[in-house]
Amino acid sequence: MSLSIEQLNQVAHLARLEMLPGQADHYAKQLSSILELVGQLTRADTAGVEPMAHPLEMHQRLRPDVVTESDRREVFQSIAPAVEDGLYIVPKVIE
Amino acid sequence: MHTLSIKQLSEGLRAKKFSSRELTQHYLGRIESLDPALNSFITVTTDVALAQADAADARLAAGNAGVLTGIPLAQKDIFCTEGVRTSCASKMLDSFVAPYNATIVDKLHAPDGAGMVMLGKCNMDEFAMGSSNETSWYGPVKNPWDLERVPGGSSGGSVAAVAAGLAPAATATDTGGSIRQPAALTNLTGIKPTYGRVSRFGMIAFASSLDQAGVVARTAEDAAYVLQAMSGFDTKDSTSIERPVDDLVSGLGQSIKGLRIGLPKEYFAEGLADGVRERVMAAVEQFKALGAVVSEVSLPNSPLSVPTYYVVAPAEASSNLSRYDGVRFGHRADGVKTLEQLYKRSRGEGFGAEVQRRIMIGTYVLSHGYYDAYYLQAQKVRKLIYEDFRRAYASVDVILGPTATDIAFKLGSKTDDPVSMYLNDIYTIAANLAGIPAMSLSCGFVDGLPVGLQLMGNFFDEARLLNAAHQYQQATDWHTQRPHGYA
Amino acid sequence: MTHNTEWEAVIGLEVHCQLRTNTKIFSGASTTYGAAPNTQADAVTLGLPGVLPVLNGTALQMAIKFGLSVDAEVAERCVFARKHYFYPDLPKGYQISQYELPIVGNGHLDIELGDGSVKRIGITRAHMEEDAGKSMHEGFVGTSGIDLNRAGTPLIEIVSEPDIRTAAEAVAYLKKLHQLVVYLGICDGNMQEGSFRCDANVSVRRRGTEKFGTRTETKNVNSFRYVEKAIEYEIERQIEVIEAGGTIVQETRLFDPGTGETRSMRTKEDANDYRYFPDPDLLPVVVTQDDIARVRATMPELPEAKRNRFMEQFGLPKYDATVLTGEQALADYYEVVVKASGADPKTCSNWVTTDLLGALNKLGKDIESSPVSAEQLAGLIARIVDSTISGKIAKDVFEAMLAGEGDADAIIQAKGLVQITDESAIVKVIDEVMAANPKQLADYRGGKDKLFGFFVGQVMRVSGGKANPDAVNRLLKDKLAG
């Protein structure tokens with residue numbers, strides 16, 4: 001299993017990672033070798049096997065619908081890259 | 001003082017042989033003088049440590065101290081610590097001061113908790129992705145046994161600090177061997193408990209269904225003390241187990257006569273260094289001498305554990321790391337004009353190469369057209385691996401094998417070859433996939449470098465594992481060896 | 001529609017319904033609308049590193065309640081999955097939703113069409129998920145501001161089968177659904193605040209053909225009227241494109257209420273690759289038969305059942321019953337009025353549907369904030385029943401009650417409006433009126449029967465409207481006859 005530069009760029013775009021010139025080729029080679037490693041899985045006989053998402057055979061616990069959190073905007077926004085009037089600021093969102 | 005066990009430190013504090021402040025200052029002094037060569041800490045929290053030490057001394061004086069109150073501890077920099085930078089060894093979080101504590105940080109350090117003293121935040125592989133501690137944005141950690149070699153990873157800073165006597169014990173996390181492999185490479189005892197035994201709240205996620213916090217220490221006894229204080233149910237973690245914690249410390253000291261130990265034949269096959277095999281087999285003889293009954297078992301799907309892991313872990317990681325987008329916290333690239341630039345440049349600059357590789361692998365295996373072939377298939381194989389253990393534990397109590405294929409390797413020797421790096425974790429990954437507890441302890445040396453042996457237990461069998469390790473350590477002295485220059 | 005005979009539209013609706021919980025779906029932050037920006041965005045909502053979701057039990061119960069109300073299957077085991085995309089109002093880079101195993105599957109809702117016929121609309125599924133935050137553009141140049149207060153609010157997304165054929169059917173379905181979720185108490189139904197939002201999937205095909213055309217999705221149409229306009233516009237647009245030889249592009253469109261048109265949103269190239277997988281921070285949700293039974297026990301009487309009961313129990317015409325059961329609070333109000341007044345249910349219905357609703361409409365108030373309580377209105381009607389006042393006087397008393405002048409009895413006393421039923425007193429008035437109008441009396445007696453109304457009017461005027469009308473009629477007839 002090998003990954004073309006085009007596929008690599010598509011994956012990097014989906015993951016929102018910038019590929020600088022020359023990086024894509026390097027990553028494509030490394031990722032291809034990793035995909036070769038994980039490609040061994042396709043040989044396993046898993047007919048009739050239930051997928052296992054989680055090691056625990058438990059089910060979801062439920063939380064009471066009670067307010068436990070107070071306003072901590074000031075401390076949360078003290079670590080934000082850009083805020084104004086309580087809003088997080090980003091380049092213009094175009095819809 | 002830094003050679004004393006946790007039990008001895010606890011007794012010393014009670015007997016007023018030394019105060020927590022004196023003890024803390026002693027460790028801080030060692031960090032200051034010895035850590036520059038090791039790079040095991042990202043942040044040393046002197047002020048926090050001294051304040052906690054004073055509070056501990058007050059508790060000791062008032063007679064309401066717990067067994068761990070006043071004893072220093074290092075925290076892996078993956079656990080959120082309120083008011084203290086929590087970087088996960090990433091440029092992405094270099095400026096991230098957590099606004100809350102991880103549950104285990106509260107349990108270990110809060111005045112109404114165990115009251116331990118936090119010395120600082122330990123270096124690690126970036127977002128815990130690595131087996132050598134070379135992917136840290138803060139630079140690699142050196143192995144105190146040989147400064148040209150890696151300490152293992154991802155909890156490389158935690159083990160280097162404890163091995164060098166810069167902390168009596170340290171917290172660590174294990175997604176595919178990140179507690180056990182570095183413990184093996186530095187002559188320490190490290191335990192990853194059953195998935196769900198220790199809360200994941202406030203522990204920065206790598207792969208949520210595999211991540212589990214634990215501890216590295218010099219002995220099983222020391223590890224038992226700290227793990228006891230970390231464990232337990234937490235309403236803030238949906239995957240936390242609502243079940244009482246066994247008494248790990250008083251569980252030590254029981255005979256292991258009749259303990260059924262299984263040796264998985266797949267763990268002694270090709271790929272295992274001869275010297276490591278010899279040391280592990282010698283340890284098996286020691287266990288027999290202690291009364292254990294040894295037999296061979298088979299974990300037939302274990303050769304598939306590495307490929308399974310490198311689908312499941314990157315898939316979850318690619319998702320967990322989507323939140324690092326430069327909007328609410330973390331690194332934001334300068335001068336971005338569009339949203340796409342904001343995301344791509346902030347993430348491209350903020351994440352190192354290994355993290356980016358894993359994000360891309362994870363994105364790929366979850367993407368349209370590949371999900372069934374990779375992700376779903378990996379989940380099915382995961383089930384097969386889990387069933388292997390179920391079957392094995394029908395006839396044995398503990399599974400024993402090597403922790404790592406070889407002794408610590410040279411810094412830089414595997415950084416260009418991710419696949420050979422990944423194969424380091426071949427013996428440790430299966431326990432994470434199955435969710436069972438597992439630990440590593442030292443069983444000798446090859447060329448002057450430590451060799452680790454791994455014990456894997458059935459679900460919730462932490463007490464049994466720690467007792468078996470403790471019995472072995474009562475009969476051997478490998479764990480008492482100290483790296484030259486750090487005695 | 002001009003092309004009505006040749007073309008047929010195929011419409012499916014996706015409704016996002018905010019659940020009326022106190023806290024978010026995965027954290028204990030408040031969901032109150034209108035708070036200052038980001039003051040309700042806690043660590044879990046913000047997706048800060050290391051925090052974890054825990055499911056709100058009330059949100060789950062509300063989703064089950066919805067499932068039961070549309071005769072759907074409630075899954076014994078449902079799973080939360082992560083849906084990935086990057087957007088500033090989505091804090092974690094993924095939305096926690098449900099994908100392969102939703103909580104509710106395979107239900108239906110019956111709607112009534114204009115001609116009185118009933119049409120069944122299938123409900124494919126309803127799944128639980130978290131809402132996103134909001135992007136603010138006003139007052140910003142080149143940037144946007146993000147408010148994450150809304151992020152993490154529990155939603156159910158209700159997906160219909162493509163069973164709807166016209167904009168009018170779509171509106172009927174939406175109104176019915178809206179009434180239902182408000183009745184169930186699981187949604188406040190406030191469309192302006194975005195508590196109940198609709199996306200419309202629309203395609204057209206030539207009548208008689210089976211195959212669906214390519215569909216477009218028109219996002220966030222947030223009033224019943226806009227839904228109708230947006231769908232009508234989209235149907236016309238698609239027909240025109242096809243008839244002009246073009247093809248419909250599968251895309252997301254946005255309705256502009258200003259122009260009444262829809263326009264293409266910028267095509268999202270990765271729209272199809274959400275990389276869903278089960279959320280490893282959450283475990284499968286297991287719903288037992290006992291859980292379902294407990295929720296069932298809290299189910300209110302639903303609108304249709306209530307309407308039928310009103311028709312049967314109170315003998316009301318369908319129209320009255322439909323109006324009265326349109327809202328739970330109105331139906332409750334009416335039942336109190338009937339019980340407390342002891343009056344004929346139809347009389348009560350007239351008062352509630354005509355006088356009360358008319359007045360509330362003028363005041364711009366809803367039934368919950370009515371200035372006249374059900375008990376007060378019942379008190380008024382009771383005075384008509386016991387002949388204390390006439391129906392006509394009652395209208396004046398009602399006006400005074402609306403103005404806040406107090407209960408009916410107090411107003412009747414204060415204004416001296418008690419009806420005169422003492423026949424000798426009425427006869428006295430009649431004598432006065434006859435004496436004062438000799439000419440009219442002579443004309444009447446001469447055969448001008450029409451003048452009877454004149455005398456009634458005079459007697460009522462002189463009595464200040466308080467004379468009992470029945471008695472006036474009877475006594476006047478006798479006296480005038482001589």
# chains A, B, ... in the order shown; residues from 1 in each chain; ligands from 1
call {"tool": "closest_atom_pairs", "arguments": {"of": "chain B", "to": "chain A", "cutoff": "8 Å", "atoms": "only C-alpha atoms", "output": "Markdown table"}}
result
| residue | atom | partner | partner_atom | distance |
| --- | --- | --- | --- | --- |
| B:Ser95 | CA | A:Ile79 | CA | 7.4 |
| B:Phe96 | CA | A:Ile79 | CA | 6.5 |
| B:Val97 | CA | A:Ile79 | CA | 6.9 |
| B:Pro99 | CA | A:Phe76 | CA | 6.8 |
| B:Tyr195 | CA | A:Pro55 | CA | 7.2 |
| B:Gly196 | CA | A:Leu56 | CA | 7.9 |
| B:Ser209 | CA | A:His54 | CA | 5.8 |
| B:Ser238 | CA | A:Arg61 | CA | 6.3 |
| B:Thr239 | CA | A:Leu56 | CA | 7.8 |
| B:Leu304 | CA | A:Leu41 | CA | 6.8 |
| B:Val306 | CA | A:Val38 | CA | 7.7 |
| B:Pro307 | CA | A:Val38 | CA | 4.1 |
| B:Thr308 | CA | A:Val38 | CA | 6.7 |
| B:Tyr310 | CA | A:Val38 | CA | 6.5 |
| B:Val311 | CA | A:Val38 | CA | 6.8 |
| B:Ser318 | CA | A:Ala15 | CA | 7.6 |
| B:Ser322 | CA | A:Ala15 | CA | 7.7 |
| B:Gly326 | CA | A:Pro81 | CA | 6.9 |
| B:Val327 | CA | A:Pro81 | CA | 6.6 |
| B:Arg328 | CA | A:Ala80 | CA | 4.8 |
| B:Phe329 | CA | A:Ala80 | CA | 4.4 |
| B:Gly330 | CA | A:Ala80 | CA | 7.2 |
| B:His331 | CA | A:Pro81 | CA | 7.5 |
| B:Arg332 | CA | A:Pro81 | CA | 6.5 |
| B:Val336 | CA | A:Pro91 | CA | 7.4 |
| B:Lys337 | CA | A:Pro91 | CA | 5.9 |
| B:Thr338 | CA | A:Pro91 | CA | 5.2 |
| B:Leu339 | CA | A:Pro91 | CA | 5.4 |
| B:Glu340 | CA | A:Arg16 | CA | 7.5 |
| B:Leu342 | CA | A:Pro91 | CA | 7.6 |
| B:Tyr343 | CA | A:Arg16 | CA | 5.8 |
| B:Lys344 | CA | A:Leu17 | CA | 4.5 |
| B:Arg345 | CA | A:Glu18 | CA | 5.6 |
| B:Arg347 | CA | A:Leu17 | CA | 5.7 |
| B:Gly348 | CA | A:Leu17 | CA | 4.9 |
| B:Gln356 | CA | A:Leu17 | CA | 7.6 |
| B:Arg357 | CA | A:Leu31 | CA | 6.9 |
| B:Ile359 | CA | A:Ala15 | CA | 7.0 |
| B:Met360 | CA | A:Val11 | CA | 6.1 |
| B:Ile361 | CA | A:Leu31 | CA | 6.8 |
| B:Thr363 | CA | A:Val11 | CA | 6.5 |
| B:Tyr364 | CA | A:Val11 | CA | 6.1 |
| B:Ala373 | CA | A:Thr42 | CA | 7.0 |
| B:Tyr374 | CA | A:Leu41 | CA | 7.6 |
| B:Leu376 | CA | A:Pro51 | CA | 6.5 |
| B:Gln377 | CA | A:Leu41 | CA | 7.0 |
| B:Ala378 | CA | A:Leu41 | CA | 6.8 |
| B:Gln379 | CA | A:Pro51 | CA | 4.6 |
| B:Lys380 | CA | A:Pro51 | CA | 4.1 |
| B:Val381 | CA | A:Thr46 | CA | 6.8 |
| B:Arg382 | CA | A:Met52 | CA | 6.2 |
| B:Lys383 | CA | A:Met52 | CA | 5.3 |
| B:Leu384 | CA | A:Val49 | CA | 7.7 |
| B:Asp417 | CA | A:Gln30 | CA | 7.8 |
| B:Pro418 | CA | A:Gln30 | CA | 7.2 |
| B:Val419 | CA | A:Ile34 | CA | 6.1 |
| B:Leu433 | CA | A:Pro55 | CA | 7.0 |
| B:Ala434 | CA | A:Pro55 | CA | 5.7 |
| B:Gly435 | CA | A:Pro55 | CA | 5.1 |
call {"tool": "interface_residues", "arguments": {"of": "chain B", "to": "chain C", "cutoff": "7 Å", "atoms": "only C-alpha atoms", "output": "mmCIF file with N, CA, C and O atoms, in the first residue's frame"}}
result
data_model
loop_
_atom_site.group_PDB
_atom_site.id
_atom_site.type_symbol
_atom_site.label_atom_id
_atom_site.label_comp_id
_atom_site.auth_asym_id
_atom_site.auth_seq_id
_atom_site.Cartn_x
_atom_site.Cartn_y
_atom_site.Cartn_z
ATOM 1 N N PHE B 201 -9.602 12.087 33.411
ATOM 2 C CA PHE B 201 -9.975 13.497 33.361
ATOM 3 C C PHE B 201 -8.756 14.383 33.612
ATOM 4 O O PHE B 201 -8.057 14.233 34.610
ATOM 5 N N GLY B 202 -8.523 15.284 32.682
ATOM 6 C CA GLY B 202 -7.398 16.198 32.812
ATOM 7 C C GLY B 202 -6.083 15.629 32.330
ATOM 8 O O GLY B 202 -5.044 16.288 32.424
ATOM 9 N N MET B 203 -6.120 14.412 31.828
ATOM 10 C CA MET B 203 -4.929 13.814 31.219
ATOM 11 C C MET B 203 -5.090 14.032 29.720
ATOM 12 O O MET B 203 -6.079 13.604 29.134
ATOM 13 N N ILE B 204 -4.183 14.741 29.109
ATOM 14 C CA ILE B 204 -4.377 15.133 27.712
ATOM 15 C C ILE B 204 -4.405 13.883 26.840
ATOM 16 O O ILE B 204 -3.497 13.049 26.885
ATOM 17 N N ALA B 205 -5.468 13.774 26.059
ATOM 18 C CA ALA B 205 -5.732 12.522 25.347
ATOM 19 C C ALA B 205 -4.808 12.321 24.156
ATOM 20 O O ALA B 205 -4.540 13.246 23.398
ATOM 21 N N SER B 208 -7.928 7.681 23.235
ATOM 22 C CA SER B 208 -8.792 7.579 24.416
ATOM 23 C C SER B 208 -9.095 6.158 24.868
ATOM 24 O O SER B 208 -9.237 5.914 26.062
ATOM 25 N N SER B 209 -9.214 5.216 23.958
ATOM 26 C CA SER B 209 -9.594 3.864 24.367
ATOM 27 C C SER B 209 -8.383 3.049 24.811
ATOM 28 O O SER B 209 -8.526 1.890 25.197
ATOM 29 N N LYS B 236 -16.286 12.312 36.497
ATOM 30 C CA LYS B 236 -15.997 13.168 35.341
ATOM 31 C C LYS B 236 -15.461 12.395 34.140
ATOM 32 O O LYS B 236 -15.189 12.968 33.092
ATOM 33 N N ASP B 237 -15.248 11.086 34.326
ATOM 34 C CA ASP B 237 -14.726 10.259 33.235
ATOM 35 C C ASP B 237 -15.721 9.122 32.993
ATOM 36 O O ASP B 237 -15.897 8.249 33.842
ATOM 37 N N SER B 238 -16.379 9.156 31.832
ATOM 38 C CA SER B 238 -17.397 8.135 31.532
ATOM 39 C C SER B 238 -16.807 6.735 31.458
ATOM 40 O O SER B 238 -17.532 5.751 31.560
ATOM 41 N N THR B 239 -15.496 6.629 31.263
ATOM 42 C CA THR B 239 -14.875 5.312 31.134
ATOM 43 C C THR B 239 -14.207 4.882 32.442
ATOM 44 O O THR B 239 -13.453 3.912 32.464
ATOM 45 N N SER B 322 -7.853 17.234 16.885
ATOM 46 C CA SER B 322 -8.549 18.224 16.049
ATOM 47 C C SER B 322 -8.818 19.510 16.816
ATOM 48 O O SER B 322 -9.034 20.552 16.220
ATOM 49 N N ARG B 323 -8.860 19.414 18.138
ATOM 50 C CA ARG B 323 -9.210 20.591 18.931
ATOM 51 C C ARG B 323 -8.100 21.629 18.965
ATOM 52 O O ARG B 323 -8.329 22.764 19.379
ATOM 53 N N LEU B 366 -9.586 6.610 8.714
ATOM 54 C CA LEU B 366 -11.001 6.887 9.009
ATOM 55 C C LEU B 366 -11.734 7.442 7.805
ATOM 56 O O LEU B 366 -12.954 7.596 7.832
ATOM 57 N N SER B 367 -10.997 7.756 6.735
ATOM 58 C CA SER B 367 -11.647 8.486 5.657
ATOM 59 C C SER B 367 -12.459 7.547 4.771
ATOM 60 O O SER B 367 -12.323 6.326 4.816
ATOM 61 N N HIS B 368 -13.289 8.204 4.008
ATOM 62 C CA HIS B 368 -14.265 7.512 3.173
ATOM 63 C C HIS B 368 -13.593 6.475 2.284
ATOM 64 O O HIS B 368 -12.643 6.769 1.584
#
call {"tool": "closest_residue", "arguments": {"among": "C:Val459, C:Ile121, C:Ile11, C:Val285", "to": "chain A", "atoms": "only C-alpha atoms"}}
result
C:Val285
call {"tool": "select_by_dssp", "arguments": {"residues": "region 214-439 of chain C", "states": "strand (DSSP E)", "output": "list in words"}}
result
Thr216, Glu217, Thr218, Lys219, Asn220, Val221, Thr252, Arg253, Leu254, Phe255, Asp256, Glu261, Thr262, Arg263, Ser264, Phe277, Pro278, Val285 and Val286 of chain C
call {"tool": "write_last_selection", "arguments": {"atoms": "N, CA and C atoms", "output": "mmCIF file, in the first residue's frame"}}
result
data_model
loop_
_atom_site.group_PDB
_atom_site.id
_atom_site.type_symbol
_atom_site.label_atom_id
_atom_site.label_comp_id
_atom_site.auth_asym_id
_atom_site.auth_seq_id
_atom_site.Cartn_x
_atom_site.Cartn_y
_atom_site.Cartn_z
ATOM 1 N N THR C 216 -31.113 19.352 -3.274
ATOM 2 C CA THR C 216 -30.325 20.386 -2.610
ATOM 3 C C THR C 216 -30.801 20.451 -1.171
ATOM 4 N N GLU C 217 -29.934 20.965 -0.321
ATOM 5 C CA GLU C 217 -30.299 21.114 1.084
ATOM 6 C C GLU C 217 -30.299 22.597 1.420
ATOM 7 N N THR C 218 -31.458 23.101 1.780
ATOM 8 C CA THR C 218 -31.540 24.513 2.158
ATOM 9 C C THR C 218 -31.501 24.590 3.681
ATOM 10 N N LYS C 219 -30.515 25.340 4.161
ATOM 11 C CA LYS C 219 -30.167 25.331 5.585
ATOM 12 C C LYS C 219 -30.938 26.359 6.395
ATOM 13 N N ASN C 220 -31.204 25.997 7.627
ATOM 14 C CA ASN C 220 -31.609 26.945 8.654
ATOM 15 C C ASN C 220 -32.710 27.904 8.251
ATOM 16 N N VAL C 221 -33.844 27.345 7.882
ATOM 17 C CA VAL C 221 -34.982 28.183 7.548
ATOM 18 C C VAL C 221 -35.824 28.244 8.812
ATOM 19 N N THR C 252 -25.429 22.675 -0.764
ATOM 20 C CA THR C 252 -26.106 23.297 0.360
ATOM 21 C C THR C 252 -26.458 24.718 -0.024
ATOM 22 N N ARG C 253 -27.689 25.127 0.254
ATOM 23 C CA ARG C 253 -28.120 26.472 -0.104
ATOM 24 C C ARG C 253 -28.634 27.195 1.123
ATOM 25 N N LEU C 254 -28.633 28.508 1.005
ATOM 26 C CA LEU C 254 -29.033 29.337 2.128
ATOM 27 C C LEU C 254 -30.234 30.174 1.699
ATOM 28 N N PHE C 255 -31.260 30.239 2.533
ATOM 29 C CA PHE C 255 -32.443 31.037 2.208
ATOM 30 C C PHE C 255 -32.225 32.476 2.672
ATOM 31 N N ASP C 256 -32.514 33.409 1.784
ATOM 32 C CA ASP C 256 -32.399 34.824 2.141
ATOM 33 C C ASP C 256 -33.807 35.383 2.319
ATOM 34 N N GLU C 261 -35.286 34.254 -1.858
ATOM 35 C CA GLU C 261 -34.576 33.321 -2.741
ATOM 36 C C GLU C 261 -33.601 32.460 -1.945
ATOM 37 N N THR C 262 -33.160 31.374 -2.571
ATOM 38 C CA THR C 262 -32.088 30.590 -1.972
ATOM 39 C C THR C 262 -30.847 30.817 -2.818
ATOM 40 N N ARG C 263 -29.675 30.731 -2.156
ATOM 41 C CA ARG C 263 -28.435 30.858 -2.920
ATOM 42 C C ARG C 263 -27.448 29.801 -2.461
ATOM 43 N N SER C 264 -26.543 29.475 -3.362
ATOM 44 C CA SER C 264 -25.574 28.430 -3.075
ATOM 45 C C SER C 264 -24.604 28.893 -1.997
ATOM 46 N N PHE C 277 -16.593 7.959 13.627
ATOM 47 C CA PHE C 277 -16.249 6.717 14.327
ATOM 48 C C PHE C 277 -16.765 6.822 15.756
ATOM 49 N N PRO C 278 -16.980 5.686 16.426
ATOM 50 C CA PRO C 278 -17.581 5.728 17.764
ATOM 51 C C PRO C 278 -16.715 6.554 18.709
ATOM 52 N N VAL C 285 -24.834 3.582 25.029
ATOM 53 C CA VAL C 285 -25.952 3.913 25.912
ATOM 54 C C VAL C 285 -26.942 2.752 25.854
ATOM 55 N N VAL C 286 -27.267 2.227 27.011
ATOM 56 C CA VAL C 286 -28.194 1.102 27.058
ATOM 57 C C VAL C 286 -29.512 1.586 27.646
#
call {"tool": "residues_around", "arguments": {"residues": "Pro264 (chain B)", "least_positions_apart": "5", "cutoff": "10 Å", "atoms": "only C-alpha atoms", "output": "tab-separated table (two decimals) with N, CA, C and O atoms, in the first residue's frame"}}
result
chain	number	residue	atom	x	y	z
B	269	ALA	N	9.93	-15.28	20.43
B	269	ALA	CA	10.27	-15.68	19.07
B	269	ALA	C	11.29	-14.73	18.46
B	269	ALA	O	11.93	-13.94	19.18
B	295	SER	N	4.18	-22.31	32.88
B	295	SER	CA	3.80	-23.10	31.71
B	295	SER	C	3.82	-22.20	30.48
B	295	SER	O	3.86	-20.98	30.59
B	296	GLU	N	3.76	-22.85	29.31
B	296	GLU	CA	3.72	-22.06	28.09
B	296	GLU	C	2.27	-21.75	27.74
B	296	GLU	O	1.39	-22.59	27.94
B	297	VAL	N	2.02	-20.54	27.27
B	297	VAL	CA	0.69	-20.20	26.74
B	297	VAL	C	0.87	-19.63	25.34
B	297	VAL	O	1.99	-19.32	24.92
B	298	SER	N	-0.23	-19.50	24.64
B	298	SER	CA	-0.14	-18.91	23.30
B	298	SER	C	-1.08	-17.72	23.18
B	298	SER	O	-2.22	-17.75	23.65
B	299	LEU	N	-0.55	-16.65	22.62
B	299	LEU	CA	-1.36	-15.48	22.27
B	299	LEU	C	-1.22	-15.33	20.75
B	299	LEU	O	-0.46	-14.52	20.26
B	300	PRO	N	-1.96	-16.17	20.03
B	300	PRO	CA	-1.68	-16.34	18.60
B	300	PRO	C	-1.80	-15.06	17.78
B	300	PRO	O	-1.15	-14.92	16.76
B	302	SER	N	-0.91	-12.09	18.71
B	302	SER	CA	-0.04	-10.98	19.12
B	302	SER	C	0.82	-10.39	18.00
B	302	SER	O	1.10	-9.19	18.05
B	392	ALA	N	-6.12	-17.31	27.69
B	392	ALA	CA	-4.90	-17.60	28.46
B	392	ALA	C	-5.18	-17.52	29.96
B	392	ALA	O	-4.70	-18.35	30.73
B	399	ILE	N	0.86	-13.42	33.04
B	399	ILE	CA	1.63	-13.74	31.84
B	399	ILE	C	2.95	-12.98	31.93
B	399	ILE	O	2.97	-11.79	32.26
B	400	LEU	N	4.05	-13.69	31.67
B	400	LEU	CA	5.38	-13.11	31.84
B	400	LEU	C	6.14	-13.15	30.51
B	400	LEU	O	6.10	-14.15	29.80
B	401	GLY	N	6.82	-12.05	30.22
B	401	GLY	CA	7.65	-12.02	29.02
B	401	GLY	C	8.58	-10.82	29.08
B	401	GLY	O	8.62	-10.12	30.10
call {"tool": "residues_around", "arguments": {"residues": "region 432-446 of chain C", "least_positions_apart": "5", "cutoff": "10 Å", "atoms": "only C-alpha atoms", "output": "list in words"}}
result
Ile426, Val427, Leu451, Phe452, Phe454, Phe455, Val456, Gln458, Val459, Val462, Leu476, Lys479, Leu480, Ala481 and Gly482 of chain C
call {"tool": "closest_residue", "arguments": {"among": "C:Ser349, C:Gln376, C:Gln95, C:Asn149", "to": "chain A", "atoms": "only C-alpha atoms"}}
result
C:Asn149
call {"tool": "residues_around", "arguments": {"residues": "Arg180 (chain B)", "least_positions_apart": "3", "cutoff": "12 Å", "atoms": "only C-alpha atoms", "output": "VMD selection string"}}
result
chain B and resid 131 151 to 156 158 to 159 172 to 177 183 to 193 212 to 217 402 to 404 424 to 429 431 to 432 437 to 442 451 to 456
call {"tool": "residues_around", "arguments": {"residues": "Ala207 (chain B)", "least_positions_apart": "3", "cutoff": "8 Å", "atoms": "only C-alpha atoms", "output": "list in words"}}
result
Thr175, Leu210, Asp211, Val312, Ala313, Pro314, Ala315, Glu316, Ala317 and Asn320 of chain B
call {"tool": "write_last_selection", "arguments": {"atoms": "N, CA and C atoms", "output": "mmCIF file, in the first residue's frame"}}
result
data_model
loop_
_atom_site.group_PDB
_atom_site.id
_atom_site.type_symbol
_atom_site.label_atom_id
_atom_site.label_comp_id
_atom_site.auth_asym_id
_atom_site.auth_seq_id
_atom_site.Cartn_x
_atom_site.Cartn_y
_atom_site.Cartn_z
ATOM 1 N N THR B 175 -0.057 4.258 26.564
ATOM 2 C CA THR B 175 -1.039 4.040 25.499
ATOM 3 C C THR B 175 -0.693 2.790 24.705
ATOM 4 N N LEU B 210 -7.199 3.644 24.742
ATOM 5 C CA LEU B 210 -5.964 2.929 25.104
ATOM 6 C C LEU B 210 -5.220 3.609 26.248
ATOM 7 N N ASP B 211 -5.378 4.929 26.361
ATOM 8 C CA ASP B 211 -4.625 5.708 27.350
ATOM 9 C C ASP B 211 -4.943 5.263 28.774
ATOM 10 N N VAL B 312 -5.709 1.931 15.291
ATOM 11 C CA VAL B 312 -6.599 2.435 16.338
ATOM 12 C C VAL B 312 -6.042 3.713 16.971
ATOM 13 N N ALA B 313 -4.762 3.668 17.362
ATOM 14 C CA ALA B 313 -4.202 4.824 18.080
ATOM 15 C C ALA B 313 -4.156 6.075 17.193
ATOM 16 N N PRO B 314 -3.631 6.003 15.969
ATOM 17 C CA PRO B 314 -3.647 7.223 15.149
ATOM 18 C C PRO B 314 -5.063 7.692 14.806
ATOM 19 N N ALA B 315 -5.993 6.758 14.621
ATOM 20 C CA ALA B 315 -7.374 7.172 14.313
ATOM 21 C C ALA B 315 -7.914 8.028 15.454
ATOM 22 N N GLU B 316 -7.788 7.515 16.674
ATOM 23 C CA GLU B 316 -8.291 8.273 17.821
ATOM 24 C C GLU B 316 -7.497 9.559 18.009
ATOM 25 N N ALA B 317 -6.184 9.477 17.775
ATOM 26 C CA ALA B 317 -5.337 10.664 17.954
ATOM 27 C C ALA B 317 -5.708 11.747 16.950
ATOM 28 N N ASN B 320 -8.747 13.298 18.417
ATOM 29 C CA ASN B 320 -8.485 14.025 19.670
ATOM 30 C C ASN B 320 -7.689 15.301 19.437
#
call {"tool": "residues_around", "arguments": {"residues": "Pro168 (chain B)", "least_positions_apart": "6", "cutoff": "12 Å", "atoms": "only C-alpha atoms", "output": "NGL selection string"}}
result
:B and (1-10 or 23-24 or 26-28 or 30 or 68 or 70-75 or 116-119 or 158-162 or 188-189 or 215-219 or 221-223 or 225-226)
call {"tool": "closest_residue", "arguments": {"among": "A:Thr68, A:Asp85, A:Glu57, A:Lys29", "to": "chain C", "atoms": "only C-alpha atoms"}}
result
A:Thr68
call {"tool": "decode", "arguments": {"residues": "region 193-200 of chain B", "atoms": "C-alpha atoms", "output": "CSV table (one decimal), in the first residue's frame"}}
result
chain,number,residue,atom,x,y,z
B,193,PRO,CA,-3.3,-0.5,35.6
B,194,THR,CA,-6.5,-1.9,34.1
B,195,TYR,CA,-8.1,0.6,31.6
B,196,GLY,CA,-10.6,2.7,33.6
B,197,ARG,CA,-8.9,2.1,37.0
B,198,VAL,CA,-7.3,5.6,37.1
B,199,SER,CA,-9.3,8.6,35.9
B,200,ARG,CA,-8.4,10.1,32.5
